[in-house]
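Peer 1: Structure provided below as structure tokens; questions to follow.
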Amino acid sequence: MRIYIETYGCQMNMADSEIVASILKHEGYDLVTDLNKADIIFINTCSIRDNAEQRVIKRISELDALRKKKHWLKIGILGCMAERMQDSLIKTHNVDLVVGPDSYRDIPRLLSSQGEGCGDLISTELSETETYSEIYPAKINSNGVTAFIPIMRGCENFCSYCVVPYTRGKERSRDFRTIVNEAEKLFSQGYKEVTLLGQNVNSYLWNQGEKDEVNFAKLISLVAEIDPLLRVRFSTSHPKDISQELLDTIANYDNICKFIHLPLQSGSNRILRLMNRKYTVEEYLDKINRIKRTIQNCSISTDIISGFCTESIEDHESTLNIMKEVCYDSAFMFKYSERPNTLAAKKYKDDVSDCEKTRRLEEIINLQRELSFQSNKQDIGKTFEVLIEGESKRSTDKLLGRNSQNKVILFDKKDFQPGQYVKIKVNDCTSATLFGETVS
Ligand code: SAH
Ligand code: SF4
Ligand code: F3S
């Protein structure tokens with residue numbers, strides 16, 4: 001049986017697809033990179049916003065058309081939509097299999113019992129303990145240089161707009177030894193950068209209260225000590241939990257990247273309270289100041305939501321003001337999308353019109369473009385150590401790499417190879433990219 005996996009959503013989903021691939025390979029299934037050669041197509045899905053779900057629904061109907069020509073083809077839905085929509089995916093969208101994020105070990109059983117014509121179609125029980133701890137992922141579409149390592153699963157923050165606590169269940173941390181082993185193995189296979197993943201990595205905690213308790217600052221230092229040539233990144237930090245101990249650890253290790261993604265969501269205290277973010281703008285700015293004081297040349301990115309329930313023009317302007325004050329190097333920006341059964345859907349009215357949400361989002365995006373451009377212009381003339389990830393998509397005679405600050409830098413290929421570190425002097429930029437040349 002040949003399997004094809006298509007992944008939507010966040011980095012956690014990318015990592016999960018590699019876990020699924022590993023489980024299935026172990027059971028003798030072949031992984032293919034050409035969808036047309038597959039007997040089973042899995043779609044690993046995202047529920048974060050309505051448009052993410054609509055894309056998948058459209059994709060399912062395209063694949064359904066393929067199944068009409070290839071009647072043995074099976075379509076399986078994994079990930080957050082599987083968890084959120086359960087058997088309605090089978091009833092309404094006619095898929096063959098629905099498997100939630102904590103049930104991936106169950107896939108071989110479901111597939112083989114289906115083959116016998118008598119199996120369940122659905123497995124979506126959430127777990128309080130599953131971390132797929134010992135599973136070494138089978139890489140899919142990997143560049144051979146950078147890899148993700150999930151260090152925890154679930155989220156219990158219950159931000160009022162967010163579906164993740166419902167689709168991913170309780171927060172749990174993975175055994176630190178298996179994380180360090182995985183990073184060591186990746187490094188020995190030639191990988192040069194790992195990103196430690198969790199919805200809120202700062203609350204990582206292994207063996208709470210025990211002698212060998214490991215928190216996130218300790219974990220990241222253990223990974224950084226594997227080798228100075230292994231870069232370490234992490235995502236995401238919740239502002240309420242980012243500790244001085246972590247900031248000191250980042251400052252102490254050259255190979256822990258000087259880049260922190262710290263989602264703000266809104267610059268208005270009233271909206272932050274409705275969002276149940278558990279910090280005020282003042283507390284957030286205090287964290288930003290600590291980052292800037294503790295870590296030299298640290299770049300900062302964020303997430304912003306426009307048009308949350310009851311957001312006024314003044315609230316929106318507060319967000320623009322905080323963006324200017326922090327001067328983010330980059331940002332992900334979204335229109336608020338009401339998710340069924342979340343606290344916001346139950347308690348608040350989604351009362352900013354779509355057209356107004358779009359207008360505010362455009363203002364946010366335009367401002368961020370300017371801020372990113374300003375930040376990039378300040379890098380002109382500076383020299384950075386860059387890890388080469390591969391060829392530029394636009395031009396085959398250019399290579400693409402990133403500096404510690406997570407900025408993309410393009411430069412002439414010459415004889416350089418992916419996985420090498422090179423020193424690049426920046427000589428030009430746009431708001432999205434730096435351009436430079438190698439210096440010896
Ligand atoms: N756990 C991470 C990221 C979760 S999802 C964190 O807390 O930072 C990534 C981003 O999607 C969020 O930071 C938020 O900005 C956005 N998002 C989540 N739910 C949303 C919704 N219902 N509508 C619009 N954007 C949303
Ligand atoms: Fe969602 Fe908030 Fe958890 Fe992030 S921290 S996943 S936004 S509930
Ligand atoms: Fe989407 Fe689930 Fe990730 S909702 S953002 S795939 S945790």
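Residue numbers start at 1 in each chain; chains themselves are named A, B, ... in the order of the structure tokens; ligands are numbered from 1 in the order shown.
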Could you pull out the residues sitting within 8 Å of ligand 3, using only C-alpha atoms and all ligand atoms, and write them as JSON, numbers by chain?
Peer 2: {"A": [8, 9, 10, 11, 12, 13, 44, 45, 46, 47, 48, 49, 52, 79, 80, 81, 154, 163, 164, 167, 168, 199]}
Peer 1: Check every protein, DNA and RNA residue against ligand 1, keep those with an atom at most 10 Å away (counting only C-alpha atoms and all ligand atoms), and present them as a ChimeraX atom specification.
Peer 2: /A:9-10,46-51,154-165,197-201,235-239,261-266,277,302-308,331-340,342,344-345
Peer 1: Go ahead and dump the residues you just picked, C-alpha atoms, as a short mmCIF file (atom, residue, chain, number, x, y, z; two decimals), in the first residue's frame.
Peer 2:
```
data_model
loop_
_atom_site.label_atom_id
_atom_site.label_comp_id
_atom_site.auth_asym_id
_atom_site.auth_seq_id
_atom_site.Cartn_x
_atom_site.Cartn_y
_atom_site.Cartn_z
CA GLY A 9 -1.52 24.34 9.28
CA CYS A 10 1.30 24.96 11.72
CA CYS A 46 -5.89 22.83 10.48
CA SER A 47 -8.94 24.44 12.15
CA ILE A 48 -7.40 27.70 13.32
CA ARG A 49 -9.52 29.91 11.03
CA ASP A 50 -12.53 29.21 8.86
CA ASN A 51 -10.58 29.78 5.63
CA GLY A 154 -1.75 20.36 23.67
CA CYS A 155 -2.58 23.73 25.20
CA GLU A 156 -4.54 24.77 28.26
CA ASN A 157 -4.38 28.52 27.92
CA PHE A 158 -7.89 28.80 26.47
CA CYS A 159 -7.43 32.13 24.73
CA SER A 160 -11.07 32.88 24.08
CA TYR A 161 -10.76 32.97 20.25
CA CYS A 162 -8.73 29.80 19.88
CA VAL A 163 -9.72 26.28 18.87
CA VAL A 164 -6.38 24.61 19.75
CA PRO A 165 -7.20 23.58 23.36
CA LEU A 197 8.02 23.12 19.03
CA GLY A 198 5.08 23.58 21.35
CA GLN A 199 2.02 25.84 21.60
CA ASN A 200 3.64 27.41 24.65
CA VAL A 201 7.22 26.13 24.98
CA SER A 235 8.32 28.41 18.89
CA THR A 236 5.99 29.65 20.40
CA SER A 237 6.46 31.60 23.62
CA HIS A 238 3.45 32.90 25.49
CA PRO A 239 4.26 36.40 26.86
CA HIS A 261 8.32 35.02 18.42
CA LEU A 262 6.13 36.70 21.04
CA PRO A 263 2.48 36.98 19.96
CA LEU A 264 0.86 40.25 21.06
CA GLN A 265 -2.60 39.66 19.47
CA SER A 266 -3.87 43.13 20.44
CA ARG A 277 -4.50 36.42 27.18
CA THR A 302 4.58 38.62 16.64
CA ASP A 303 1.02 37.56 15.80
CA ILE A 304 -1.79 40.11 15.54
CA ILE A 305 -5.55 39.53 15.21
CA SER A 306 -7.64 42.31 13.66
CA GLY A 307 -11.32 42.89 14.40
CA PHE A 308 -11.82 40.73 17.49
CA ALA A 331 4.68 39.48 12.01
CA PHE A 332 1.86 37.09 11.13
CA MET A 333 -1.39 39.01 10.86
CA PHE A 334 -4.93 37.64 10.71
CA LYS A 335 -8.57 38.66 10.57
CA TYR A 336 -10.52 37.34 13.53
CA SER A 337 -12.43 34.22 12.56
CA GLU A 338 -15.02 32.93 15.01
CA ARG A 339 -14.46 29.26 15.86
CA PRO A 340 -17.42 27.15 16.99
CA THR A 342 -14.74 28.61 21.78
CA ALA A 344 -15.55 33.96 22.36
CA ALA A 345 -18.15 32.22 20.18
#
```
Peer 1: What's the 10 Å shell around Thr310 (chain A), counting only C-alpha atoms, without same-chain residues fewer than 3 positions away, as a list in words?
Peer 2: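 Selected residues are Arg270, Ile271, Leu274, Gly307, Ile313, Asp315, Tyr348, Lys349, Asp350, Asp351 and Val352 of chain A.
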Peer 1: So, counting only C-alpha atoms and all ligand atoms, which residue among A:Leu272, A:Ile291, A:Leu400, A:Ile77 is closest to ligand 2?
Peer 2: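 Of A:Leu272, A:Ile291, A:Leu400, A:Ile77, the one nearest ligand 2 is A:Leu272, counting only C-alpha atoms and all ligand atoms.
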Peer 1: Counting only C-alpha atoms, what is within 10 Å of Glu391 (chain A), bar same-chain residues fewer than 3 positions away, as a PyMOL selection string?
Peer 2: chain A and resi 388+394-401+410-413+417-418
Peer 1: With DSSP run on the backbone, what are the strand (DSSP E) residues within region 307-385 of chain A? I'd like them as a ChimeraX atom specification.
Peer 2: /A:330-335,383-385
